[in-house]
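Below you'll find the structure, written out as structure tokens, and then a few comments.
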Amino acid sequence: MQKLREVLEQAQKNRVAVGHFNIGDQNILMGVFAAARELRVPVMVGVSEGERAFLGVRQVAALVKSLRDEFDFPIFLNADHTHSLAKALEAANAGFDSIVFDLSALPFDENVRQTREAVQKLKAINPDILVEGEIGDIGSGSEIHETAPDLSKFRTTPDEAKKFIAATGIDILAPAVGNMHGLVPSMVEGKTKKHLDIERIAAIKNETHSLLTLHGGSGTDDDDFLRAIQAGINVVHINTELRLAWRNSLDASLAQHPGEVVPYKILPAMVESIKQVALSRLRLFNGATAQATGKSAG
Ligand SMILES: [Zn+2]
């Protein structure tokens, strides 16, 4: 079984990106996993601190490991946006493959100091664990926001990216490059799309040669995604689009089955809806290879 670092380096070589999907429950995990298996592409699933508190840190680790082992499949588990060392260590001890250590709200020097300490302590638990650090501002929660904040002045510069990576020893950087967590109503309606600062991504890649993650990918223009991946993005996070599909399909399913109390009769439609979103994004991020493999796999 390939390690996550090898999977990401392979993606960099092939100029594709690994899809990362947040999972709020086991049904969402099964929908994402079904999509990755159909396309035969590696996949990352992530759980935020809130999602971990709901699912259980060790329980979600056991679920993902069971899929990896039973199907011999490259599915990896990420501790998304972790804001304290204690929570990061808890995830590392439970067997997570990567940790997003996010102290981007702190002043730069303090972010550096604490992230460097976290990298050392996490690697002591598991030398293969990948630690992602974050600088700049990409907005708050993966949900529907009334309006989009103006984050343009908080974009990551190539210079600070280089300094941050050198000073902390992180494996992956999450830059602020026009991306944003969550969606605004016009994006939910499909009337507007997010656009990315492709030149900035290319400049950060040139300066650092680091693995790069794009957070807040939901609602982003497809062509921007492709250009961002060519410019050096290696992982793309999708969360709000899955949450939206979850909610809408669950509403529809409940409405179609009035009086039904059997979960396994109500929930499969939701799993299928999650799978379709994941399929669409994984095909895009993995380029023509995945589309061809997807067709041959039926
Ligand atoms: Zn994020």
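Note on naming: chains are A, B, ... as they come in the structure tokens, residues start from 1 per chain, ligands start from 1 in the order shown.
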
Close residues to ligand 1 using only C-alpha atoms and all ligand atoms, limit 7 Å, as a list in words: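 The neighbouring residues of ligand 1 are, in order, Asp80, His81, His181, His215, Gly216 and His237 of chain A.
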
Would you put the residues from that selection into a file with C-alpha atoms, as a PDB file, in the first residue's frame?
ATOM      1  CA  ASP A  80      -8.918  18.793   9.122  1.00  0.00           C
ATOM      2  CA  HIS A  81      -8.441  22.288  10.673  1.00  0.00           C
ATOM      3  CA  HIS A 181     -14.715  28.103   2.871  1.00  0.00           C
ATOM      4  CA  HIS A 215      -9.220  24.481   0.838  1.00  0.00           C
ATOM      5  CA  GLY A 216     -12.779  25.685   0.251  1.00  0.00           C
ATOM      6  CA  HIS A 237     -10.942  20.065  -0.411  1.00  0.00           C
TER       7      HIS A 237
END

Residues within 9 Å of region 155-160 of chain A, only C-alpha atoms, excluding chain neighbours under 6 positions, as a list in words: Phe108, Ile135, Gly136, Asp137, Ile138, Pro175, Ala176, Val177, Gly178, Arg200, Ile201, Ala203, Ile204, Lys205, Asn206, Glu207 and Thr208 of chain A

All strand (DSSP E) positions in region 136-248 of chain A, as a list in words: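 Selection result, strand (DSSP E) within region 136-248 of chain A: Ile172, Leu173, Ala174, Leu211, Leu212, Thr213, Leu214, Val235, Val236, His237 and Ile238 of chain A.
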
Could the residues in this selection be saved with N, CA and C atoms as a compact mmCIF listing (two decimals), in the first residue's frame?
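Now in part-v8.txt:
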# COMPACT_ATOMS: atom_id res chain seq x y z
N ILE A 172 3.09 20.07 3.86
CA ILE A 172 2.10 20.59 2.90
C ILE A 172 1.70 21.99 3.36
N LEU A 173 1.51 22.88 2.40
CA LEU A 173 1.05 24.23 2.75
C LEU A 173 -0.37 24.44 2.21
N ALA A 174 -1.21 25.08 3.04
CA ALA A 174 -2.54 25.49 2.58
C ALA A 174 -2.52 27.00 2.40
N LEU A 211 4.31 20.70 -1.53
CA LEU A 211 2.97 20.19 -1.80
C LEU A 211 1.97 21.25 -1.34
N LEU A 212 0.91 21.46 -2.11
CA LEU A 212 -0.06 22.51 -1.80
C LEU A 212 -1.48 21.96 -1.78
N THR A 213 -2.26 22.39 -0.77
CA THR A 213 -3.67 22.02 -0.67
C THR A 213 -4.54 23.24 -0.93
N LEU A 214 -5.59 23.04 -1.70
CA LEU A 214 -6.58 24.10 -1.89
C LEU A 214 -7.80 23.79 -1.02
N VAL A 235 -3.86 18.80 -3.64
CA VAL A 235 -5.04 18.28 -2.93
C VAL A 235 -6.13 19.34 -3.03
N VAL A 236 -7.37 18.93 -3.30
CA VAL A 236 -8.48 19.88 -3.32
C VAL A 236 -9.54 19.44 -2.30
N HIS A 237 -9.92 20.36 -1.42
CA HIS A 237 -10.94 20.07 -0.41
C HIS A 237 -12.34 20.45 -0.90
N ILE A 238 -13.27 19.50 -0.76
CA ILE A 238 -14.68 19.75 -1.05
C ILE A 238 -15.48 19.36 0.20

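Across A:Asp102, A:Glu90, A:Asp223, A:Asp251, the tightest approach to Arg58 (chain A) is made by A:Glu90 when counting only C-alpha atoms.
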
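Taking only C-alpha atoms into account, Lys87 (chain A) lies nearest to A:Glu49 out of the set A:Glu132, A:Glu49, A:Asp25, A:Asp224.
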
Backbone-only DSSP, helix (DSSP H, G or I) members of region 16-224 of chain A, as a PyMOL selection string: chain A and resi 26-39+49-55+57-71+85-94+108-125+152-154+158-168+185-188+198-208+222-224

List the spatial neighbours of Ile129 (chain A) as a PDB file with C-alpha atoms, in the first residue's frame - criterion: any atom at most 10 Å away, only C-alpha atoms, same-chain residues fewer than 3 positions off excluded.
ATOM      1  CA  LYS A   3       1.909   5.971   1.716  1.00  0.00           C
ATOM      2  CA  LEU A   4       0.106   9.293   1.478  1.00  0.00           C
ATOM      3  CA  ARG A   5       3.338  11.135   0.690  1.00  0.00           C
ATOM      4  CA  ASN A  78      -6.990  13.694   7.540  1.00  0.00           C
ATOM      5  CA  ALA A  92      -2.029  11.146  15.418  1.00  0.00           C
ATOM      6  CA  GLY A  95      -3.719   6.586  13.398  1.00  0.00           C
ATOM      7  CA  PHE A  96      -4.680   9.523  11.168  1.00  0.00           C
ATOM      8  CA  ASP A  97      -2.516   9.895   8.031  1.00  0.00           C
ATOM      9  CA  SER A  98      -2.316  13.674   8.074  1.00  0.00           C
ATOM     10  CA  ILE A  99      -3.088  16.685  10.224  1.00  0.00           C
ATOM     11  CA  VAL A 119       5.489  19.051  13.527  1.00  0.00           C
ATOM     12  CA  LEU A 122       3.525  14.600  15.596  1.00  0.00           C
ATOM     13  CA  LYS A 123       6.466  13.082  13.697  1.00  0.00           C
ATOM     14  CA  ALA A 124       7.675  11.556  16.973  1.00  0.00           C
ATOM     15  CA  ILE A 125       4.388   9.643  17.144  1.00  0.00           C
ATOM     16  CA  ASN A 126       4.386   8.661  13.460  1.00  0.00           C
ATOM     17  CA  GLU A 132      -0.139  20.724   6.762  1.00  0.00           C
ATOM     18  CA  ASP A 171       5.006  18.788   4.563  1.00  0.00           C
TER      19      ASP A 171
END

Test item: residues at most 12 Å from Phe71 (chain A), only C-alpha atoms, excluding those fewer than 2 positions along its chain, as a PyMOL selection string: chain A and resi 1+33-34+36-37+40+64-69+73-75

Filtering to N, CA, C and O atoms, could you give me those residues as a compact mmCIF listing (two decimals), in the first residue's frame?
# COMPACT_ATOMS: atom_id res chain seq x y z
N MET A 1 0.86 -1.21 0.00
CA MET A 1 0.00 0.00 0.00
C MET A 1 0.88 1.25 0.00
O MET A 1 1.78 1.38 0.83
N PHE A 33 -16.36 6.88 -0.81
CA PHE A 33 -15.55 5.69 -1.07
C PHE A 33 -16.02 4.98 -2.34
O PHE A 33 -15.21 4.53 -3.17
N ALA A 34 -17.34 4.89 -2.53
CA ALA A 34 -17.89 4.25 -3.73
C ALA A 34 -17.42 4.98 -4.99
O ALA A 34 -17.09 4.36 -6.00
N ALA A 36 -14.63 6.85 -5.36
CA ALA A 36 -13.18 6.64 -5.57
C ALA A 36 -12.91 5.24 -6.10
O ALA A 36 -12.07 5.04 -6.97
N ARG A 37 -13.66 4.26 -5.58
CA ARG A 37 -13.46 2.88 -6.05
C ARG A 37 -13.87 2.73 -7.50
O ARG A 37 -13.22 2.06 -8.28
N ARG A 40 -11.22 4.27 -9.42
CA ARG A 40 -9.90 3.73 -9.07
C ARG A 40 -8.87 4.83 -8.89
O ARG A 40 -7.77 4.79 -9.46
N VAL A 64 -12.29 4.06 8.57
CA VAL A 64 -11.51 4.30 7.36
C VAL A 64 -10.47 3.20 7.17
O VAL A 64 -10.26 2.70 6.06
N LYS A 65 -9.84 2.79 8.27
CA LYS A 65 -8.84 1.72 8.19
C LYS A 65 -9.49 0.42 7.69
O LYS A 65 -8.89 -0.33 6.92
N SER A 66 -10.72 0.17 8.12
CA SER A 66 -11.40 -1.07 7.71
C SER A 66 -11.62 -1.09 6.20
O SER A 66 -11.51 -2.13 5.56
N LEU A 67 -11.91 0.08 5.62
CA LEU A 67 -12.08 0.15 4.16
C LEU A 67 -10.74 -0.05 3.46
O LEU A 67 -10.64 -0.77 2.46
N ARG A 68 -9.71 0.63 3.99
CA ARG A 68 -8.38 0.51 3.37
C ARG A 68 -7.92 -0.94 3.38
O ARG A 68 -7.42 -1.47 2.39
N ASP A 69 -8.10 -1.61 4.52
CA ASP A 69 -7.62 -3.00 4.66
C ASP A 69 -8.46 -3.98 3.85
O ASP A 69 -7.93 -4.81 3.12
N PHE A 73 -7.29 -0.50 -0.59
CA PHE A 73 -7.55 0.71 -1.38
C PHE A 73 -6.92 1.94 -0.74
O PHE A 73 -6.98 2.12 0.48
N PRO A 74 -6.30 2.82 -1.56
CA PRO A 74 -5.64 4.01 -1.02
C PRO A 74 -6.62 5.10 -0.57
O PRO A 74 -6.82 6.09 -1.26
N ILE A 75 -7.24 4.88 0.59
CA ILE A 75 -8.08 5.91 1.20
C ILE A 75 -7.35 6.38 2.46
O ILE A 75 -6.86 5.56 3.24
